[in-house]
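Novice: As input, take coords.cif (mmCIF, C-alpha atoms):
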data_entry
loop_
_atom_site.label_atom_id
_atom_site.label_comp_id
_atom_site.auth_asym_id
_atom_site.auth_seq_id
_atom_site.Cartn_x
_atom_site.Cartn_y
_atom_site.Cartn_z
CA MET Q 1 -80.94 22.86 113.63
CA ALA Q 2 -80.89 23.85 117.28
CA SER Q 3 -81.91 27.47 117.58
CA SER Q 4 -84.32 29.74 119.33
CA ALA Q 5 -85.71 33.17 118.69
CA LEU Q 6 -84.25 35.75 121.01
CA PRO Q 7 -86.48 38.21 122.88
CA PRO Q 8 -87.03 41.71 121.49
CA ALA Q 9 -84.55 43.16 123.98
CA ASP Q 10 -81.80 41.39 122.03
CA SER Q 11 -82.83 42.89 118.71
CA LEU Q 12 -79.94 43.97 116.51
CA LEU Q 13 -81.79 47.25 116.00
CA LYS Q 14 -81.10 48.06 119.65
CA HIS Q 15 -77.41 48.53 118.76
CA PRO Q 16 -76.99 51.75 116.72
CA ALA Q 17 -73.34 51.07 115.95
CA PHE Q 18 -74.26 47.79 114.27
CA VAL Q 19 -77.09 49.44 112.31
CA GLN Q 20 -74.64 52.04 110.95
CA PHE Q 21 -72.15 49.28 110.19
CA TRP Q 22 -74.85 47.32 108.33
CA PHE Q 23 -75.91 50.28 106.20
CA ALA Q 24 -72.27 50.99 105.37
CA ARG Q 25 -71.87 47.35 104.36
CA VAL Q 26 -75.01 47.44 102.19
CA ALA Q 27 -73.96 50.65 100.43
CA SER Q 28 -70.38 49.57 99.72
CA SER Q 29 -71.42 46.04 98.66
CA PHE Q 30 -74.00 47.34 96.17
CA GLY Q 31 -71.51 49.89 94.90
CA PHE Q 32 -68.82 47.26 94.41
CA GLN Q 33 -71.14 44.84 92.57
CA MET Q 34 -72.26 47.61 90.22
CA LEU Q 35 -68.64 48.63 89.74
CA SER Q 36 -67.65 45.06 88.85
CA VAL Q 37 -70.29 44.80 86.13
CA ALA Q 38 -69.37 48.16 84.60
CA VAL Q 39 -65.62 47.45 84.60
CA GLY Q 40 -66.10 44.06 82.95
CA TRP Q 41 -68.36 45.39 80.20
CA GLN Q 42 -66.16 48.44 79.63
CA ILE Q 43 -62.91 46.46 79.37
CA TYR Q 44 -64.49 44.02 76.92
CA GLU Q 45 -65.90 46.88 74.82
CA VAL Q 46 -62.48 48.55 74.68
CA THR Q 47 -60.36 45.45 73.91
CA GLY Q 48 -62.76 42.75 72.69
CA ARG Q 49 -60.52 40.13 74.32
CA ALA Q 50 -61.83 37.62 76.85
CA PHE Q 51 -58.32 37.33 78.30
CA ASP Q 52 -58.57 40.88 79.60
CA LEU Q 53 -61.58 39.91 81.70
CA GLY Q 54 -59.27 37.52 83.53
CA LEU Q 55 -56.85 40.38 84.15
CA ILE Q 56 -59.59 42.16 86.12
CA GLY Q 57 -59.80 39.23 88.52
CA LEU Q 58 -56.01 39.00 88.69
CA ALA Q 59 -55.72 42.72 89.51
CA GLN Q 60 -57.98 42.14 92.52
CA PHE Q 61 -56.61 38.76 93.63
CA VAL Q 62 -52.90 39.66 93.70
CA PRO Q 63 -53.14 42.46 96.30
CA SER Q 64 -55.69 40.56 98.39
CA PHE Q 65 -53.34 37.57 98.58
CA LEU Q 66 -49.99 39.34 98.97
CA LEU Q 67 -51.16 42.03 101.40
CA ALA Q 68 -53.44 39.94 103.62
CA LEU Q 69 -50.94 39.27 106.41
CA PRO Q 70 -49.51 42.84 106.52
CA ALA Q 71 -53.10 44.15 106.51
CA GLY Q 72 -53.94 41.92 109.45
CA HIS Q 73 -50.95 43.30 111.37
CA VAL Q 74 -52.09 46.86 110.63
CA ALA Q 75 -55.63 46.02 111.82
CA ASP Q 76 -54.22 45.01 115.21
CA GLN Q 77 -51.99 48.10 115.49
CA PHE Q 78 -54.37 50.94 114.68
CA GLU Q 79 -58.02 51.93 115.06
CA ARG Q 80 -59.95 49.57 112.79
CA ARG Q 81 -62.83 51.94 112.05
CA ARG Q 82 -60.36 54.47 110.70
CA ILE Q 83 -58.63 51.85 108.54
CA VAL Q 84 -61.98 50.80 107.04
CA ARG Q 85 -62.96 54.40 106.42
CA TYR Q 86 -59.64 55.21 104.74
CA GLY Q 87 -60.00 52.10 102.58
CA LEU Q 88 -63.49 53.15 101.50
CA MET Q 89 -62.22 56.65 100.72
CA VAL Q 90 -59.44 55.30 98.49
CA GLU Q 91 -61.96 53.13 96.66
CA LEU Q 92 -64.30 56.12 96.31
CA LEU Q 93 -61.48 58.19 94.81
CA ALA Q 94 -60.63 55.44 92.30
CA ILE Q 95 -64.31 55.14 91.31
CA ALA Q 96 -64.50 58.93 90.87
CA VAL Q 97 -61.52 58.77 88.47
CA LEU Q 98 -63.22 55.94 86.55
CA ALA Q 99 -66.38 58.03 86.31
CA ALA Q 100 -64.47 61.09 85.08
CA LEU Q 101 -62.52 59.10 82.46
CA SER Q 102 -65.72 57.45 81.22
CA LEU Q 103 -67.71 60.67 81.00
CA LEU Q 104 -64.80 62.31 79.14
CA HIS Q 105 -64.48 59.26 76.83
CA SER Q 106 -60.82 58.90 77.75
CA VAL Q 107 -60.75 55.27 78.87
CA HIS Q 108 -57.68 53.07 78.39
CA GLU Q 109 -57.34 49.44 79.43
CA ALA Q 110 -54.14 49.96 81.43
CA GLY Q 111 -55.66 52.86 83.33
CA VAL Q 112 -58.80 50.91 84.25
CA LEU Q 113 -56.75 47.90 85.42
CA ALA Q 114 -54.48 50.18 87.46
CA LEU Q 115 -57.50 51.68 89.21
CA VAL Q 116 -58.94 48.20 89.83
CA PHE Q 117 -55.58 47.23 91.35
CA ILE Q 118 -55.73 50.27 93.66
CA ILE Q 119 -59.23 49.24 94.74
CA GLY Q 120 -57.88 45.73 95.40
CA VAL Q 121 -55.12 47.14 97.61
CA ALA Q 122 -57.64 49.21 99.59
CA LYS Q 123 -59.94 46.21 100.02
CA ALA Q 124 -57.02 44.06 101.17
CA PHE Q 125 -56.45 46.42 104.10
CA GLU Q 126 -60.16 47.01 104.67
CA PHE Q 127 -61.26 43.37 105.02
CA PRO Q 128 -59.49 42.23 108.23
CA SER Q 129 -60.32 45.49 110.00
CA LEU Q 130 -63.98 45.30 108.90
CA GLN Q 131 -64.33 41.70 110.10
CA SER Q 132 -62.55 42.45 113.37
CA MET Q 133 -64.86 45.37 114.23
CA LEU Q 134 -68.06 43.35 114.35
CA PRO Q 135 -67.53 41.60 117.75
CA ALA Q 136 -67.25 45.02 119.42
CA LEU Q 137 -70.56 46.28 117.98
CA VAL Q 138 -72.92 43.73 119.56
CA PRO Q 139 -72.91 41.49 122.67
CA ALA Q 140 -71.24 38.11 122.14
CA PRO Q 141 -74.50 36.05 122.45
CA ILE Q 142 -76.00 37.73 119.37
CA LEU Q 143 -72.79 37.93 117.32
CA PRO Q 144 -73.89 35.00 115.05
CA ARG Q 145 -77.09 36.89 114.24
CA ALA Q 146 -75.05 40.00 113.47
CA MET Q 147 -72.81 37.89 111.22
CA ALA Q 148 -75.87 36.55 109.41
CA ALA Q 149 -77.35 40.03 109.00
CA SER Q 150 -74.04 41.31 107.65
CA SER Q 151 -73.87 38.36 105.24
CA SER Q 152 -77.42 39.06 104.08
CA ALA Q 153 -76.28 42.51 102.96
CA GLY Q 154 -73.55 40.94 100.84
CA GLN Q 155 -75.88 38.31 99.38
CA ALA Q 156 -78.55 40.89 98.48
CA ALA Q 157 -75.89 42.97 96.77
CA THR Q 158 -74.63 39.91 94.88
CA ILE Q 159 -78.13 39.23 93.54
CA LEU Q 160 -79.41 42.75 92.85
CA GLY Q 161 -76.22 44.77 92.35
CA PRO Q 162 -75.16 43.29 88.99
CA ALA Q 163 -78.70 43.55 87.64
CA LEU Q 164 -78.95 47.22 88.62
CA GLY Q 165 -75.49 47.92 87.23
CA GLY Q 166 -76.38 46.21 83.96
CA LEU Q 167 -79.58 48.22 83.57
CA LEU Q 168 -77.81 51.52 84.26
CA TYR Q 169 -74.99 50.63 81.88
CA VAL Q 170 -77.42 51.29 79.02
CA ALA Q 171 -76.97 54.98 79.87
CA GLY Q 172 -73.19 54.57 79.87
CA PRO Q 173 -70.52 53.29 82.26
CA GLY Q 174 -70.03 56.79 83.66
CA VAL Q 175 -73.57 56.70 85.09
CA VAL Q 176 -72.88 53.38 86.82
CA TYR Q 177 -69.63 54.71 88.30
CA VAL Q 178 -71.33 57.87 89.54
CA LEU Q 179 -74.04 55.91 91.38
CA ALA Q 180 -71.44 53.47 92.73
CA GLY Q 181 -69.47 56.48 93.97
CA VAL Q 182 -72.56 57.88 95.69
CA LEU Q 183 -73.08 54.56 97.46
CA TYR Q 184 -69.45 54.51 98.57
CA LEU Q 185 -69.86 58.06 99.87
CA VAL Q 186 -72.81 56.88 101.97
CA ALA Q 187 -70.60 54.08 103.33
CA VAL Q 188 -67.83 56.57 104.20
CA VAL Q 189 -70.28 58.84 106.03
CA MET Q 190 -71.86 55.94 107.93
CA MET Q 191 -68.47 54.64 108.97
CA GLY Q 192 -67.49 58.13 110.11
CA LEU Q 193 -70.61 58.45 112.27
CA LEU Q 194 -70.16 55.00 113.81
CA ARG Q 195 -69.18 55.08 117.49
CA TYR Q 196 -66.72 52.24 117.92
CA GLU Q 197 -64.82 51.42 121.08
CA GLN Q 198 -61.56 49.54 120.63
CA ALA Q 199 -59.09 48.76 123.37
CA PRO Q 200 -55.79 50.62 122.89
CA PRO Q 201 -53.81 48.42 120.50
CA ARG Q 202 -50.63 46.78 121.69
CA ARG Q 203 -48.06 48.35 119.39
CA GLU Q 204 -45.56 45.86 118.04
CA PRO Q 205 -42.92 46.25 115.32
CA ALA Q 206 -43.69 44.58 112.00
CA THR Q 207 -41.50 41.49 112.21
CA LEU Q 208 -42.00 38.05 110.69
CA LYS Q 209 -43.11 36.84 114.12
CA THR Q 210 -45.79 39.51 114.58
CA VAL Q 211 -46.99 39.39 110.95
CA PHE Q 212 -47.32 35.60 111.05
CA ALA Q 213 -48.77 35.57 114.58
CA GLY Q 214 -52.21 34.80 113.15
CA VAL Q 215 -50.88 31.63 111.53
CA HIS Q 216 -49.23 30.61 114.80
CA PHE Q 217 -52.44 31.26 116.75
CA ILE Q 218 -54.61 29.21 114.38
CA ARG Q 219 -52.18 26.27 114.50
CA HIS Q 220 -52.62 26.08 118.26
CA ARG Q 221 -56.42 26.39 118.24
CA PRO Q 222 -57.87 23.09 116.97
CA ASP Q 223 -61.45 24.38 116.68
CA VAL Q 224 -60.41 27.48 114.71
CA LEU Q 225 -58.08 25.45 112.48
CA GLY Q 226 -60.82 22.87 112.00
CA VAL Q 227 -63.57 25.25 110.84
CA ILE Q 228 -61.28 27.26 108.56
CA SER Q 229 -59.67 24.23 106.90
CA LEU Q 230 -63.01 22.42 106.58
CA ASP Q 231 -64.42 25.37 104.63
CA LEU Q 232 -61.26 25.54 102.49
CA PHE Q 233 -61.44 21.93 101.35
CA ALA Q 234 -65.24 21.90 100.99
CA VAL Q 235 -65.14 24.88 98.61
CA LEU Q 236 -62.10 23.50 96.78
CA LEU Q 237 -63.89 20.21 96.11
CA GLY Q 238 -67.47 21.39 95.76
CA GLY Q 239 -67.05 24.19 93.23
CA ALA Q 240 -70.01 23.20 91.05
CA THR Q 241 -70.97 26.80 90.33
CA ALA Q 242 -67.86 27.26 88.19
CA LEU Q 243 -69.31 24.71 85.73
CA LEU Q 244 -72.78 26.25 85.46
CA PRO Q 245 -72.41 27.27 81.77
CA ILE Q 246 -71.69 23.63 80.83
CA PHE Q 247 -74.62 22.29 82.84
CA ALA Q 248 -77.00 24.94 81.51
CA LYS Q 249 -76.17 24.42 77.85
CA ASP Q 250 -75.16 20.76 77.47
CA ILE Q 251 -76.98 18.94 80.27
CA LEU Q 252 -80.09 20.93 81.16
CA HIS Q 253 -80.47 22.28 77.59
CA THR Q 254 -81.57 25.74 78.68
CA GLY Q 255 -80.71 29.20 77.42
CA PRO Q 256 -79.31 32.35 78.99
CA TRP Q 257 -82.46 32.80 81.08
CA GLY Q 258 -81.94 29.37 82.63
CA MET Q 259 -78.28 30.14 83.21
CA GLY Q 260 -79.32 33.29 85.04
CA LEU Q 261 -81.63 31.30 87.30
CA LEU Q 262 -78.92 28.76 88.03
CA ARG Q 263 -76.46 31.55 88.86
CA ALA Q 264 -78.96 33.22 91.22
CA ALA Q 265 -80.16 30.07 93.01
CA PRO Q 266 -77.21 29.63 95.45
CA ALA Q 267 -77.24 33.33 96.33
CA ALA Q 268 -81.01 33.19 96.90
CA GLY Q 269 -80.63 30.21 99.23
CA ALA Q 270 -77.82 31.92 101.10
CA LEU Q 271 -79.79 35.16 101.39
CA LEU Q 272 -82.92 33.53 102.81
CA MET Q 273 -80.87 31.43 105.23
CA SER Q 274 -78.92 34.49 106.38
CA ILE Q 275 -82.21 36.33 107.04
CA TRP Q 276 -83.44 33.37 109.10
CA LEU Q 277 -80.17 33.14 111.04
CA ALA Q 278 -80.28 36.88 111.70
CA ARG Q 279 -83.54 36.35 113.60
CA HIS Q 280 -82.56 33.16 115.42
CA SER Q 281 -79.57 32.19 117.50
CA MET Q 282 -77.82 28.83 117.57
CA GLN Q 283 -77.62 28.00 121.26
CA ARG Q 284 -76.22 24.47 121.26
CA ARG Q 285 -74.65 21.69 119.16
CA VAL Q 286 -72.85 24.16 116.90
CA GLY Q 287 -70.12 21.63 116.08
CA PRO Q 288 -72.50 18.92 114.83
CA ILE Q 289 -74.53 21.59 113.00
CA MET Q 290 -71.37 22.80 111.26
CA PHE Q 291 -70.50 19.30 110.06
CA ALA Q 292 -74.10 18.61 109.05
CA ALA Q 293 -74.22 21.82 107.01
CA VAL Q 294 -71.03 20.99 105.11
CA ALA Q 295 -72.30 17.44 104.53
CA GLY Q 296 -75.54 18.95 103.22
CA PHE Q 297 -73.44 21.10 100.89
CA GLY Q 298 -71.81 17.93 99.56
CA LEU Q 299 -75.13 16.11 99.14
CA ALA Q 300 -76.66 19.08 97.32
CA THR Q 301 -73.64 19.04 95.00
CA LEU Q 302 -74.29 15.36 94.24
CA VAL Q 303 -77.97 16.00 93.49
CA PHE Q 304 -77.03 18.84 91.15
CA ALA Q 305 -74.49 16.61 89.40
CA VAL Q 306 -77.00 13.87 88.53
CA SER Q 307 -80.00 16.13 87.83
CA LYS Q 308 -81.32 16.38 84.27
CA LEU Q 309 -84.22 18.65 85.24
CA LEU Q 310 -83.92 22.41 85.59
CA TRP Q 311 -86.27 22.64 88.57
CA LEU Q 312 -84.37 19.94 90.48
CA SER Q 313 -81.04 21.59 89.71
CA LEU Q 314 -82.40 24.91 90.99
CA ILE Q 315 -83.54 23.28 94.24
CA ALA Q 316 -80.13 21.63 94.66
CA LEU Q 317 -78.28 24.91 94.11
CA PHE Q 318 -80.67 26.75 96.43
CA ALA Q 319 -80.00 24.15 99.15
CA LEU Q 320 -76.26 24.34 98.44
CA GLY Q 321 -76.28 28.10 99.07
CA ALA Q 322 -78.37 27.73 102.24
CA PHE Q 323 -76.10 25.03 103.71
CA ASP Q 324 -73.03 27.08 102.84
CA MET Q 325 -74.43 30.11 104.67
CA VAL Q 326 -74.93 28.06 107.85
CA SER Q 327 -71.29 26.96 107.78
CA VAL Q 328 -70.11 30.50 106.97
CA VAL Q 329 -71.96 32.02 109.95
CA ILE Q 330 -70.71 29.35 112.35
CA ARG Q 331 -67.15 29.57 111.05
CA ASN Q 332 -66.95 33.36 111.20
CA SER Q 333 -68.64 33.57 114.61
CA LEU Q 334 -66.50 30.84 116.14
CA VAL Q 335 -63.29 32.35 114.78
CA GLN Q 336 -64.20 35.79 116.12
CA LEU Q 337 -65.27 34.56 119.56
CA ASP Q 338 -62.27 32.26 120.02
CA THR Q 339 -59.78 35.00 119.10
CA PRO Q 340 -58.58 37.73 121.51
CA ASP Q 341 -59.35 41.22 120.24
CA ASP Q 342 -55.69 42.15 119.80
CA MET Q 343 -55.25 39.17 117.45
CA ARG Q 344 -58.46 39.41 115.41
CA GLY Q 345 -56.95 41.41 112.56
CA ARG Q 346 -54.18 38.89 111.92
CA VAL Q 347 -56.45 35.88 112.34
CA ASN Q 348 -59.07 37.37 110.01
CA ALA Q 349 -56.28 38.07 107.51
CA VAL Q 350 -55.35 34.37 107.49
CA ASN Q 351 -59.03 33.52 107.14
CA ALA Q 352 -59.21 35.87 104.15
CA ILE Q 353 -56.31 34.02 102.49
CA PHE Q 354 -58.14 30.73 103.00
CA ILE Q 355 -61.37 32.16 101.55
CA ASN Q 356 -59.70 33.74 98.50
CA THR Q 357 -57.59 30.66 97.85
CA SER Q 358 -60.51 28.25 98.10
CA ASN Q 359 -62.72 30.35 95.80
CA GLN Q 360 -60.07 30.92 93.15
CA LEU Q 361 -58.47 27.46 93.23
CA GLY Q 362 -61.86 25.79 93.56
CA GLU Q 363 -62.96 27.22 90.23
CA PHE Q 364 -59.62 26.25 88.66
CA GLU Q 365 -59.81 22.71 90.08
CA SER Q 366 -63.38 22.24 88.84
CA GLY Q 367 -62.51 23.47 85.36
CA MET Q 368 -59.41 21.28 85.06
CA LEU Q 369 -61.18 18.19 86.40
CA ALA Q 370 -64.15 18.78 84.08
CA ALA Q 371 -61.75 18.95 81.13
CA TRP Q 372 -60.36 15.53 82.07
CA VAL Q 373 -63.44 13.55 83.13
CA GLY Q 374 -66.42 15.70 82.12
CA ALA Q 375 -68.55 18.17 84.06
CA VAL Q 376 -70.90 15.59 85.63
CA ASN Q 377 -68.11 13.31 86.85
CA ALA Q 378 -66.09 16.29 88.09
CA THR Q 379 -69.05 17.50 90.15
CA LEU Q 380 -69.73 14.00 91.47
CA ILE Q 381 -66.09 13.70 92.53
CA GLY Q 382 -66.36 17.09 94.25
CA GLY Q 383 -69.50 16.11 96.15
CA VAL Q 384 -68.09 12.76 97.27
CA GLY Q 385 -64.80 14.44 98.17
CA THR Q 386 -66.65 16.94 100.35
CA LEU Q 387 -68.39 14.13 102.24
CA ILE Q 388 -65.06 12.32 102.72
CA VAL Q 389 -63.49 15.51 104.09
CA VAL Q 390 -66.39 15.90 106.54
CA GLY Q 391 -65.81 12.36 107.78
CA LEU Q 392 -62.07 12.91 108.16
CA TRP Q 393 -62.52 16.24 109.96
CA ILE Q 394 -65.05 14.68 112.38
CA TYR Q 395 -62.32 12.19 113.31
CA MET Q 396 -59.38 14.65 113.29
CA PHE Q 397 -61.07 17.45 115.28
CA PRO Q 398 -62.97 15.75 118.13
CA THR Q 399 -63.32 18.94 120.20
CA LEU Q 400 -65.01 20.66 117.24
CA ARG Q 401 -67.27 17.63 116.80
CA ARG Q 402 -68.34 17.90 120.45
CA ARG Q 403 -68.54 21.68 120.55
CA GLN Q 404 -71.86 22.86 121.97
CA ARG Q 405 -71.63 26.67 121.95
CA LEU Q 406 -70.01 29.30 119.77
CA GLN Q 407 -68.52 31.03 122.80
CA ALA Q 408 -65.49 29.19 124.14
CA GLU Q 409 -65.50 28.04 127.74
CA PRO Q 410 -63.45 30.27 130.08
CA GLU Q 411 -60.71 27.66 130.38
CA ALA Q 412 -60.42 27.42 126.57
CA ALA Q 413 -60.32 31.17 126.29
CA GLN Q 414 -57.38 31.28 128.71
CA VAL Q 415 -55.58 28.71 126.59
CA ALA Q 416 -56.18 30.92 123.56
CA GLU Q 417 -54.57 33.88 125.29
CA SER Q 418 -51.52 31.84 126.24
CA ALA Q 419 -51.11 30.53 122.69
CA VAL Q 420 -50.47 34.03 121.30
#
What do you get writing this file as structure tokens?

Specialist:
Amino acid sequence: MASSALPPADSLLKHPAFVQFWFARVASSFGFQMLSVAVGWQIYEVTGRAFDLGLIGLAQFVPSFLLALPAGHVADQFERRRIVRYGLMVELLAIAVLAALSLLHSVHEAGVLALVFIIGVAKAFEFPSLQSMLPALVPAPILPRAMAASSSAGQAATILGPALGGLLYVAGPGVVYVLAGVLYLVAVVMMGLLRYEQAPPRREPATLKTVFAGVHFIRHRPDVLGVISLDLFAVLLGGATALLPIFAKDILHTGPWGMGLLRAAPAAGALLMSIWLARHSMQRRVGPIMFAAVAGFGLATLVFAVSKLLWLSLIALFALGAFDMVSVVIRNSLVQLDTPDDMRGRVNAVNAIFINTSNQLGEFESGMLAAWVGAVNATLIGGVGTLIVVGLWIYMFPTLRRRQRLQAEPEAAQVAESAV
């Protein structure tokens, strides 16, 4: 992987706005992971039905999918920092209501799901604005490192947040909600203190043309379309993590402790890789690196599929998470740098749809395929399919294959402006 350590003058710590952004991201991510654990346990305790656990995911997915494009339009029309802060405040208010209901022992399934839906609406508007802020917080050459550092916050929260939430749940869900609320309050304060300069937005009426402008832009930018669609199909085909319970119990013959290790391995690989990428910058051959990382993701999936040993499966999943993080950082950085600031909200909204769709449908595809041909064969098909997609995308997107730097050349940037 072509990279080099940047001199101390380029340290992310030299940019106070990014530091405040990062702490806000850490606080809200930990709070959300703790919240997710508490809501799941509480709903199951109240109803005793596994189906209702699916409703929690549905209550979050529906607003994120339906509101993504309008949220992207809003992100390009108003101050993004304020949108993010308002979103965090709505989520904080919903968590405070959950805490009050739990402490008063007045919890009802419909009420909890309604509050989860409200949080999903707030997050739908928060996401494109949050993603679009980052390029303005650091110089363009170190944006990939900022992306990696931001991702490390999310990965750390994914690993530690549920464990902390589970431990605190022993004292009651109200305690978990209170601490999650405190963390969200920290995020609100940090976002309020953040000094963020955004060019005056170009106000446009909300028409089908303006709302779908992000789709139009991506269609006319081969490199952006290539990285987003490559990630979509790779995750759709390589969703081995959805089948972890089957592999843990029936193939690796391990118990809940082994299942926990398998679940943590991809996040651990992603976290360590994000820490490394936050300290190093990819200076050249980003296109080949992107394709190599996705191919590595596919190969790791194949190794996991054929493994009968727990230690080998853990290594494969660790590598899978690390390769995925490389592709995530390149994809997000390239999309941000190739997109004009007044379009970033709408483009990031389309990217969010791709991410949500690939994650949700990828799990569904893996489960359905495993039911037809078995978990091992389904995972093998996914790994081979990922490698085939890499080969096809190398052929279909030659400019992405030859791309050397994350920052577009001036001529390409002018083309991007004219495509809007």

Novice: Apply the PyMOL selection byres ((chain Q and resi 387) around 12) to the file shown and report the selected residues as number ranges by chain.

Specialist: Q: 230, 233-235, 237-238, 291-302, 380-386, 388-394

Novice: Which residues are near range 318-335 of chain Q? Cut-off 8 Å, all atoms listed in the file, ignore same chain within fewer than 6 positions. Put them as a PyMOL selection string.

Specialist: chain Q and resi 143-144+147-148+224+227-228+231+265-274+277+286+290+293-294+296-298+300-301+406-407

Novice: What does the file look like for those residues with C-alpha atoms, as a short mmCIF file (atom, residue, chain, number, x, y, z; two decimals), in the frame of the given file?

Specialist:
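Just written: result06.cif:
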data_model
loop_
_atom_site.label_atom_id
_atom_site.label_comp_id
_atom_site.auth_asym_id
_atom_site.auth_seq_id
_atom_site.Cartn_x
_atom_site.Cartn_y
_atom_site.Cartn_z
CA LEU Q 143 -72.79 37.93 117.32
CA PRO Q 144 -73.89 35.00 115.05
CA MET Q 147 -72.81 37.89 111.22
CA ALA Q 148 -75.87 36.55 109.41
CA VAL Q 224 -60.41 27.48 114.71
CA VAL Q 227 -63.57 25.25 110.84
CA ILE Q 228 -61.28 27.26 108.56
CA ASP Q 231 -64.42 25.37 104.63
CA ALA Q 265 -80.16 30.07 93.01
CA PRO Q 266 -77.21 29.63 95.45
CA ALA Q 267 -77.24 33.33 96.33
CA ALA Q 268 -81.01 33.19 96.90
CA GLY Q 269 -80.63 30.21 99.23
CA ALA Q 270 -77.82 31.92 101.10
CA LEU Q 271 -79.79 35.16 101.39
CA LEU Q 272 -82.92 33.53 102.81
CA MET Q 273 -80.87 31.43 105.23
CA SER Q 274 -78.92 34.49 106.38
CA LEU Q 277 -80.17 33.14 111.04
CA VAL Q 286 -72.85 24.16 116.90
CA MET Q 290 -71.37 22.80 111.26
CA ALA Q 293 -74.22 21.82 107.01
CA VAL Q 294 -71.03 20.99 105.11
CA GLY Q 296 -75.54 18.95 103.22
CA PHE Q 297 -73.44 21.10 100.89
CA GLY Q 298 -71.81 17.93 99.56
CA ALA Q 300 -76.66 19.08 97.32
CA THR Q 301 -73.64 19.04 95.00
CA LEU Q 406 -70.01 29.30 119.77
CA GLN Q 407 -68.52 31.03 122.80
#

Novice: With distances taken over all atoms listed in the file, which residue among Q:Leu88, Q:Val188, Q:Val74, Q:Val176 lies nearest Ala100 in chain Q?

Specialist: Q:Val176

Novice: Using only C-alpha atoms, which of the listed residues (Q:Val90, Q:Val303, Q:Leu193, Q:Ala248) sits closest to Pro16 in chain Q?

Specialist: Q:Leu193

Novice: Using only C-alpha atoms, which residues sit within 12 Å of Leu309 in chain Q once same-chain residues fewer than 3 positions away are excluded, as a PDB file with C-alpha atoms, keeping the file's coordinate frame?

Specialist:
ATOM      1  CA  PHE Q 247     -74.620  22.290  82.840  1.00  0.00           C
ATOM      2  CA  ALA Q 248     -77.000  24.940  81.510  1.00  0.00           C
ATOM      3  CA  ILE Q 251     -76.980  18.940  80.270  1.00  0.00           C
ATOM      4  CA  LEU Q 252     -80.090  20.930  81.160  1.00  0.00           C
ATOM      5  CA  HIS Q 253     -80.470  22.280  77.590  1.00  0.00           C
ATOM      6  CA  THR Q 254     -81.570  25.740  78.680  1.00  0.00           C
ATOM      7  CA  GLY Q 258     -81.940  29.370  82.630  1.00  0.00           C
ATOM      8  CA  LEU Q 262     -78.920  28.760  88.030  1.00  0.00           C
ATOM      9  CA  VAL Q 303     -77.970  16.000  93.490  1.00  0.00           C
ATOM     10  CA  PHE Q 304     -77.030  18.840  91.150  1.00  0.00           C
ATOM     11  CA  ALA Q 305     -74.490  16.610  89.400  1.00  0.00           C
ATOM     12  CA  VAL Q 306     -77.000  13.870  88.530  1.00  0.00           C
ATOM     13  CA  LEU Q 312     -84.370  19.940  90.480  1.00  0.00           C
ATOM     14  CA  SER Q 313     -81.040  21.590  89.710  1.00  0.00           C
ATOM     15  CA  LEU Q 314     -82.400  24.910  90.990  1.00  0.00           C
ATOM     16  CA  ILE Q 315     -83.540  23.280  94.240  1.00  0.00           C
ATOM     17  CA  ALA Q 316     -80.130  21.630  94.660  1.00  0.00           C
TER      18      ALA Q 316
END

Novice: Which distance in Å separates CA of Val62 in chain Q and CA of Arg25 in chain Q, to one decimal?

Specialist: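 Computing it gives 23.1 Å between the two atoms.
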
Novice: Can you pull out every residue within 9 Å of Phe117 in chain Q, counting all atoms listed in the file, but drop anything in the same chain fewer than 5 positions away, and send it as a list of chain:residue names?

Specialist: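 Using all atoms listed in the file, the neighbours found are Q:Ile56, Q:Leu58, Q:Ala59, Q:Gln60, Q:Phe61, Q:Val62, Q:Pro63, Q:Val112, Q:Ala122.
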
Novice: Grab the CA of Ala278 in chain Q to CA of Phe127 in chain Q distance for me, in Å with one decimal place.

Specialist: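 The value is 21.2 Å.
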
Novice: Out of Q:Ala146, Q:Leu179, Q:Leu35, Q:Ile246, which residue has the shortest atom-to-atom distance to Phe18 in chain Q when counting only C-alpha atoms?

Specialist: Q:Ala146

Novice: For CA of Tyr395 in chain Q and CA of Phe354 in chain Q, quote the distance in Å rounded to one decimal.

Specialist: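 These two atoms are separated by 21.6 Å.
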
Novice: May I ask which of the residues Q:Arg344, Q:Arg405, Q:His15, Q:Arg82 is the closest one to Ala213 in chain Q, counting all atoms listed in the file?

Specialist: Q:Arg344

Novice: Complete the atoms of range 150-154 of chain Q to N, CA and C atoms and put them out as a compact mmCIF listing (two decimals), in the coordinates of the input.

Specialist:
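Final output, part22.txt:
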# COMPACT_ATOMS: atom_id res chain seq x y z
N SER Q 150 -75.08 40.72 108.49
CA SER Q 150 -74.04 41.31 107.65
C SER Q 150 -73.89 40.53 106.35
N SER Q 151 -73.96 39.19 106.44
CA SER Q 151 -73.87 38.36 105.24
C SER Q 151 -75.06 38.57 104.32
N SER Q 152 -76.23 38.82 104.91
CA SER Q 152 -77.42 39.06 104.08
C SER Q 152 -77.24 40.30 103.21
N ALA Q 153 -76.55 41.30 103.75
CA ALA Q 153 -76.28 42.51 102.96
C ALA Q 153 -75.44 42.16 101.74
N GLY Q 154 -74.40 41.34 101.96
CA GLY Q 154 -73.55 40.94 100.84
C GLY Q 154 -74.29 40.09 99.82
